[in-house]
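What follows is the content of query.cif (mmCIF, C-alpha atoms).
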```cif
data_protein
loop_
_atom_site.group_PDB
_atom_site.id
_atom_site.type_symbol
_atom_site.label_atom_id
_atom_site.label_comp_id
_atom_site.auth_asym_id
_atom_site.auth_seq_id
_atom_site.Cartn_x
_atom_site.Cartn_y
_atom_site.Cartn_z
ATOM 1 C CA MET A 21 -138.808 -93.860 -26.714
ATOM 2 C CA THR A 22 -138.398 -90.210 -25.845
ATOM 3 C CA LEU A 23 -140.348 -87.185 -26.864
ATOM 4 C CA THR A 24 -138.329 -84.490 -28.560
ATOM 5 C CA GLU A 25 -138.981 -80.828 -29.089
ATOM 6 C CA THR A 26 -138.382 -78.724 -32.103
ATOM 7 C CA PRO A 27 -135.922 -76.023 -31.018
ATOM 8 C CA ARG A 28 -137.797 -73.040 -32.426
ATOM 9 C CA THR A 29 -141.383 -73.847 -31.472
ATOM 10 C CA GLY A 30 -141.158 -76.067 -28.402
ATOM 11 C CA HIS A 31 -143.782 -78.326 -30.005
ATOM 12 C CA THR A 32 -143.350 -82.036 -29.620
ATOM 13 C CA THR A 33 -142.442 -84.100 -32.634
ATOM 14 C CA GLY A 34 -143.990 -87.456 -33.429
ATOM 15 C CA GLY A 35 -141.243 -89.172 -31.390
ATOM 16 C CA ASP A 36 -143.236 -90.377 -28.430
ATOM 17 C CA ARG A 37 -146.112 -92.427 -29.636
ATOM 18 C CA ALA A 38 -146.607 -94.049 -26.209
ATOM 19 C CA VAL A 39 -147.448 -90.681 -24.621
ATOM 20 C CA ARG A 40 -149.978 -89.937 -27.323
ATOM 21 C CA ILE A 41 -151.590 -93.365 -27.026
ATOM 22 C CA ALA A 42 -151.763 -93.006 -23.229
ATOM 23 C CA ALA A 43 -153.295 -89.543 -23.565
ATOM 24 C CA ALA A 44 -155.862 -90.799 -26.062
ATOM 25 C CA GLY A 45 -156.760 -93.644 -23.684
ATOM 26 C CA ALA A 46 -157.087 -91.375 -20.646
ATOM 27 C CA ALA A 47 -159.071 -88.788 -22.605
ATOM 28 C CA GLY A 48 -161.299 -91.551 -23.973
ATOM 29 C CA ILE A 49 -162.079 -92.782 -20.468
ATOM 30 C CA CYS A 50 -162.874 -89.209 -19.402
ATOM 31 C CA LEU A 51 -165.195 -88.741 -22.362
ATOM 32 C CA ALA A 52 -166.917 -92.082 -21.737
ATOM 33 C CA PHE A 53 -167.611 -91.051 -18.159
ATOM 34 C CA ALA A 54 -168.779 -87.631 -19.398
ATOM 35 C CA GLY A 55 -171.233 -89.389 -21.690
ATOM 36 C CA LEU A 56 -172.525 -91.409 -18.759
ATOM 37 C CA GLN A 57 -173.003 -88.193 -16.784
ATOM 38 C CA VAL A 58 -174.989 -86.664 -19.658
ATOM 39 C CA ALA A 59 -177.215 -89.743 -19.720
ATOM 40 C CA LEU A 60 -177.717 -89.539 -15.949
ATOM 41 C CA ALA A 61 -178.559 -85.843 -16.148
ATOM 42 C CA ALA A 62 -181.099 -86.643 -18.852
ATOM 43 C CA GLY A 63 -182.815 -89.172 -16.585
ATOM 44 C CA ALA A 64 -181.218 -92.492 -17.523
ATOM 45 C CA PRO A 65 -182.127 -95.130 -14.919
ATOM 46 C CA PHE A 66 -178.585 -95.901 -13.747
ATOM 47 C CA GLY A 67 -178.630 -93.948 -10.495
ATOM 48 C CA GLU A 68 -177.977 -96.936 -8.253
ATOM 49 C CA HIS A 69 -174.726 -97.571 -10.134
ATOM 50 C CA VAL A 70 -173.178 -94.118 -9.600
ATOM 51 C CA TRP A 71 -172.447 -91.515 -6.956
ATOM 52 C CA GLY A 72 -171.627 -94.154 -4.332
ATOM 53 C CA GLY A 73 -174.469 -96.514 -5.171
ATOM 54 C CA GLY A 74 -176.967 -94.916 -2.782
ATOM 55 C CA GLN A 75 -179.245 -93.211 -5.294
ATOM 56 C CA ASP A 76 -182.558 -94.188 -6.867
ATOM 57 C CA ARG A 77 -182.599 -95.486 -10.439
ATOM 58 C CA VAL A 78 -183.320 -91.993 -11.789
ATOM 59 C CA LEU A 79 -181.254 -89.372 -10.011
ATOM 60 C CA PRO A 80 -183.052 -86.624 -8.103
ATOM 61 C CA THR A 81 -182.855 -83.132 -9.574
ATOM 62 C CA GLY A 82 -179.898 -82.001 -7.464
ATOM 63 C CA MET A 83 -177.840 -85.025 -8.421
ATOM 64 C CA ARG A 84 -178.768 -84.543 -12.067
ATOM 65 C CA PHE A 85 -177.318 -81.035 -11.894
ATOM 66 C CA ALA A 86 -174.221 -82.530 -10.241
ATOM 67 C CA SER A 87 -173.951 -84.893 -13.218
ATOM 68 C CA VAL A 88 -174.034 -81.909 -15.586
ATOM 69 C CA GLY A 89 -171.192 -80.338 -13.613
ATOM 70 C CA ALA A 90 -169.264 -83.614 -13.615
ATOM 71 C CA CYS A 91 -169.650 -83.793 -17.383
ATOM 72 C CA PHE A 92 -168.022 -80.385 -17.843
ATOM 73 C CA VAL A 93 -165.190 -81.299 -15.459
ATOM 74 C CA LEU A 94 -164.556 -84.593 -17.275
ATOM 75 C CA VAL A 95 -164.465 -82.909 -20.689
ATOM 76 C CA GLY A 96 -162.004 -80.358 -19.287
ATOM 77 C CA MET A 97 -159.873 -83.169 -17.906
ATOM 78 C CA ALA A 98 -159.869 -84.942 -21.277
ATOM 79 C CA SER A 99 -158.845 -81.728 -23.009
ATOM 80 C CA THR A 100 -156.054 -81.066 -20.504
ATOM 81 C CA VAL A 101 -154.539 -84.535 -20.858
ATOM 82 C CA ALA A 102 -154.793 -84.411 -24.653
ATOM 83 C CA ARG A 103 -153.200 -80.988 -24.743
ATOM 84 C CA ARG A 104 -150.385 -82.056 -22.390
ATOM 85 C CA ALA A 105 -149.497 -84.814 -24.865
ATOM 86 C CA GLY A 106 -149.674 -82.427 -27.804
ATOM 87 C CA LEU A 107 -152.704 -84.104 -29.356
ATOM 88 C CA VAL A 108 -154.622 -80.827 -29.507
ATOM 89 C CA ASP A 109 -153.573 -77.193 -29.334
ATOM 90 C CA ARG A 110 -150.194 -76.068 -28.033
ATOM 91 C CA PRO A 111 -148.735 -77.531 -24.865
ATOM 92 C CA ALA A 112 -148.292 -75.019 -22.039
ATOM 93 C CA ARG A 113 -146.273 -75.063 -18.830
ATOM 94 C CA TRP A 114 -149.338 -75.145 -16.553
ATOM 95 C CA LEU A 115 -150.472 -78.426 -18.103
ATOM 96 C CA ARG A 116 -147.889 -80.511 -16.236
ATOM 97 C CA PRO A 117 -149.198 -79.777 -12.702
ATOM 98 C CA ALA A 118 -152.773 -79.849 -13.990
ATOM 99 C CA THR A 119 -152.230 -83.309 -15.463
ATOM 100 C CA TRP A 120 -150.640 -84.558 -12.233
ATOM 101 C CA THR A 121 -153.688 -83.206 -10.374
ATOM 102 C CA ILE A 122 -155.984 -85.134 -12.714
ATOM 103 C CA ALA A 123 -153.956 -88.313 -12.145
ATOM 104 C CA GLY A 124 -154.290 -87.792 -8.387
ATOM 105 C CA TYR A 125 -158.010 -87.182 -8.713
ATOM 106 C CA PHE A 126 -158.431 -90.449 -10.604
ATOM 107 C CA ALA A 127 -156.389 -92.305 -7.978
ATOM 108 C CA VAL A 128 -158.602 -90.983 -5.167
ATOM 109 C CA ASN A 129 -161.713 -91.617 -7.257
ATOM 110 C CA THR A 130 -160.588 -95.222 -7.717
ATOM 111 C CA LEU A 131 -160.586 -95.677 -3.942
ATOM 112 C CA GLY A 132 -164.122 -94.290 -3.751
ATOM 113 C CA ASN A 133 -165.282 -96.567 -6.539
ATOM 114 C CA LEU A 134 -163.758 -99.614 -4.877
ATOM 115 C CA ALA A 135 -165.494 -98.716 -1.596
ATOM 116 C CA SER A 136 -168.911 -98.251 -3.237
ATOM 117 C CA THR A 137 -171.921 -100.436 -2.530
ATOM 118 C CA SER A 138 -172.483 -100.641 -6.300
ATOM 119 C CA ASP A 139 -170.976 -103.630 -8.083
ATOM 120 C CA ILE A 140 -170.728 -101.532 -11.258
ATOM 121 C CA GLU A 141 -168.655 -98.916 -9.457
ATOM 122 C CA ARG A 142 -166.427 -101.531 -7.803
ATOM 123 C CA PHE A 143 -165.829 -103.837 -10.759
ATOM 124 C CA VAL A 144 -166.172 -101.542 -13.787
ATOM 125 C CA PHE A 145 -165.598 -97.942 -12.727
ATOM 126 C CA GLY A 146 -162.868 -98.786 -10.187
ATOM 127 C CA PRO A 147 -160.580 -100.479 -12.707
ATOM 128 C CA SER A 148 -161.441 -97.833 -15.319
ATOM 129 C CA THR A 149 -160.408 -94.959 -13.061
ATOM 130 C CA ALA A 150 -157.286 -96.878 -11.973
ATOM 131 C CA ILE A 151 -156.305 -97.223 -15.634
ATOM 132 C CA ALA A 152 -157.090 -93.539 -16.235
ATOM 133 C CA ALA A 153 -154.918 -92.607 -13.228
ATOM 134 C CA ALA A 154 -151.992 -94.644 -14.544
ATOM 135 C CA LEU A 155 -152.320 -93.354 -18.111
ATOM 136 C CA THR A 156 -152.647 -89.743 -16.938
ATOM 137 C CA ALA A 157 -149.640 -90.050 -14.625
ATOM 138 C CA PHE A 158 -147.655 -91.479 -17.536
ATOM 139 C CA VAL A 159 -148.629 -88.513 -19.707
ATOM 140 C CA ALA A 160 -147.861 -86.044 -16.905
ATOM 141 C CA HIS A 161 -144.433 -87.577 -16.380
ATOM 142 C CA ARG A 162 -143.340 -88.324 -19.946
ATOM 143 C CA ALA A 163 -144.781 -85.539 -22.076
ATOM 144 C CA ARG A 164 -142.515 -82.588 -22.628
ATOM 145 C CA ARG A 165 -143.391 -78.998 -23.370
#
```

Would you mind writing the file out in structure tokens?
Amino acid sequence: MTLTETPRTGHTTGGDRAVRIAAAGAAGICLAFAGLQVALAAGAPFGEHVWGGGQDRVLPTGMRFASVGACFVLVGMASTVARRAGLVDRPARWLRPATWTIAGYFAVNTLGNLASTSDIERFVFGPSTAIAAALTAFVAHRARR
């Protein structure tokens, strides 16, 4: 299935459902992780399961601020992937390299998760970020402006 453009607007038509499904999946993973970061910033006792597995149950103040920052980054990543696929707003040329960068980030993040001392990071977050990397790379490659 290929994605087509309307000649006058450059917008994608409904032709490539797979790209849209992949984008929704990748954005959903980003938003789920953003929600986790909000919970961590608010003091949820999951600290030993994140940030490499070396934290206390409740993150210290500095790490809680890092979780706030991570939340904003993850929401931005979700928005970028969704926009690249044409799910929201107009696609733009800069979205292709940005989406490839996000895919690369998730690939590197997967390696960090798999190397963590936390079982949650290794067996839940690792596969989740690997899936997000694959879905995002698919969107980066297949979506058209």

How would you write, as an mmCIF file with C-alpha atoms, in the frame of the given file, the residues chosen by the PyMOL selection byres ((chain A and resi 113) around 12) on this structure?
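Final output, result.cif:
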```cif
data_model
loop_
_atom_site.group_PDB
_atom_site.id
_atom_site.type_symbol
_atom_site.label_atom_id
_atom_site.label_comp_id
_atom_site.auth_asym_id
_atom_site.auth_seq_id
_atom_site.Cartn_x
_atom_site.Cartn_y
_atom_site.Cartn_z
ATOM 1 C CA GLY A 30 -141.158 -76.067 -28.402
ATOM 2 C CA HIS A 31 -143.782 -78.326 -30.005
ATOM 3 C CA THR A 100 -156.054 -81.066 -20.504
ATOM 4 C CA ARG A 103 -153.200 -80.988 -24.743
ATOM 5 C CA ARG A 104 -150.385 -82.056 -22.390
ATOM 6 C CA ALA A 105 -149.497 -84.814 -24.865
ATOM 7 C CA ARG A 110 -150.194 -76.068 -28.033
ATOM 8 C CA PRO A 111 -148.735 -77.531 -24.865
ATOM 9 C CA ALA A 112 -148.292 -75.019 -22.039
ATOM 10 C CA TRP A 114 -149.338 -75.145 -16.553
ATOM 11 C CA LEU A 115 -150.472 -78.426 -18.103
ATOM 12 C CA ARG A 116 -147.889 -80.511 -16.236
ATOM 13 C CA PRO A 117 -149.198 -79.777 -12.702
ATOM 14 C CA ALA A 118 -152.773 -79.849 -13.990
ATOM 15 C CA THR A 119 -152.230 -83.309 -15.463
ATOM 16 C CA ALA A 160 -147.861 -86.044 -16.905
ATOM 17 C CA ALA A 163 -144.781 -85.539 -22.076
ATOM 18 C CA ARG A 164 -142.515 -82.588 -22.628
ATOM 19 C CA ARG A 165 -143.391 -78.998 -23.370
#
```

Report the closest atom pair, with its distance in Å rounded to one decimal, for each residue of region 90-162 of chain A that has an atom no farther than 8 Å from region 32-53 of chain A; count only C-alpha atoms, sort by chain and then rising residue number, and write it as JSON lines.
```
{"residue": "A:Cys91", "atom": "CA", "partner": "A:Phe53", "partner_atom": "CA", "distance": 7.6}
{"residue": "A:Leu94", "atom": "CA", "partner": "A:Cys50", "partner_atom": "CA", "distance": 5.4}
{"residue": "A:Val95", "atom": "CA", "partner": "A:Leu51", "partner_atom": "CA", "distance": 6.1}
{"residue": "A:Met97", "atom": "CA", "partner": "A:Cys50", "partner_atom": "CA", "distance": 6.9}
{"residue": "A:Ala98", "atom": "CA", "partner": "A:Ala47", "partner_atom": "CA", "distance": 4.1}
{"residue": "A:Ser99", "atom": "CA", "partner": "A:Ala47", "partner_atom": "CA", "distance": 7.1}
{"residue": "A:Val101", "atom": "CA", "partner": "A:Ala43", "partner_atom": "CA", "distance": 5.8}
{"residue": "A:Ala102", "atom": "CA", "partner": "A:Ala43", "partner_atom": "CA", "distance": 5.5}
{"residue": "A:Ala105", "atom": "CA", "partner": "A:Arg40", "partner_atom": "CA", "distance": 5.7}
{"residue": "A:Gly106", "atom": "CA", "partner": "A:Thr32", "partner_atom": "CA", "distance": 6.6}
{"residue": "A:Leu107", "atom": "CA", "partner": "A:Arg40", "partner_atom": "CA", "distance": 6.8}
{"residue": "A:Ser148", "atom": "CA", "partner": "A:Ile49", "partner_atom": "CA", "distance": 7.2}
{"residue": "A:Thr149", "atom": "CA", "partner": "A:Ile49", "partner_atom": "CA", "distance": 7.9}
{"residue": "A:Ile151", "atom": "CA", "partner": "A:Ala46", "partner_atom": "CA", "distance": 7.7}
{"residue": "A:Ala152", "atom": "CA", "partner": "A:Ala46", "partner_atom": "CA", "distance": 4.9}
{"residue": "A:Ala153", "atom": "CA", "partner": "A:Ala46", "partner_atom": "CA", "distance": 7.8}
{"residue": "A:Leu155", "atom": "CA", "partner": "A:Ala42", "partner_atom": "CA", "distance": 5.2}
{"residue": "A:Thr156", "atom": "CA", "partner": "A:Ala46", "partner_atom": "CA", "distance": 6.0}
{"residue": "A:Phe158", "atom": "CA", "partner": "A:Val39", "partner_atom": "CA", "distance": 7.1}
{"residue": "A:Val159", "atom": "CA", "partner": "A:Val39", "partner_atom": "CA", "distance": 5.5}
{"residue": "A:Arg162", "atom": "CA", "partner": "A:Val39", "partner_atom": "CA", "distance": 6.7}
```

Find the residues around region 76-87 of chain A up to 10 Å (all atoms listed in the file counted), leave out those fewer than 5 positions away in its own chain, and share them as a ChimeraX atom specification. /A:54-71,92-93

Atomic separation - CA of Gln75 (chain A) relative to CA of Ile140 (chain A), Å: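 So the two atoms, CA of Ile140 (chain A) and CA of Gln75 (chain A), lie 13.3 Å apart.
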
Fewer than 5 positions away in the same chain doesn't count, so skip those; otherwise give me all residues within 9 Å of Gly72 (chain A), counting all atoms listed in the file, as JSON, numbers by chain. {"A": [132, 133, 135, 136, 137, 138, 141]}

Minimum-distance residue to Gly124 (chain A), chosen among A:Val108, A:Val144, A:Val88, A:Ala154 (using all atoms listed in the file):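 Closest candidate: A:Ala154.
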
Length of the CA of Gly73 (chain A) to CA of Ala123 (chain A) vector [Å]: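 Between CA of Gly73 (chain A) and CA of Ala123 (chain A) the gap works out to 23.2 Å.
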
Provide the CA of Gly74 (chain A) to CA of Ala90 (chain A) distance in Å, to one decimal place. 17.4 Å
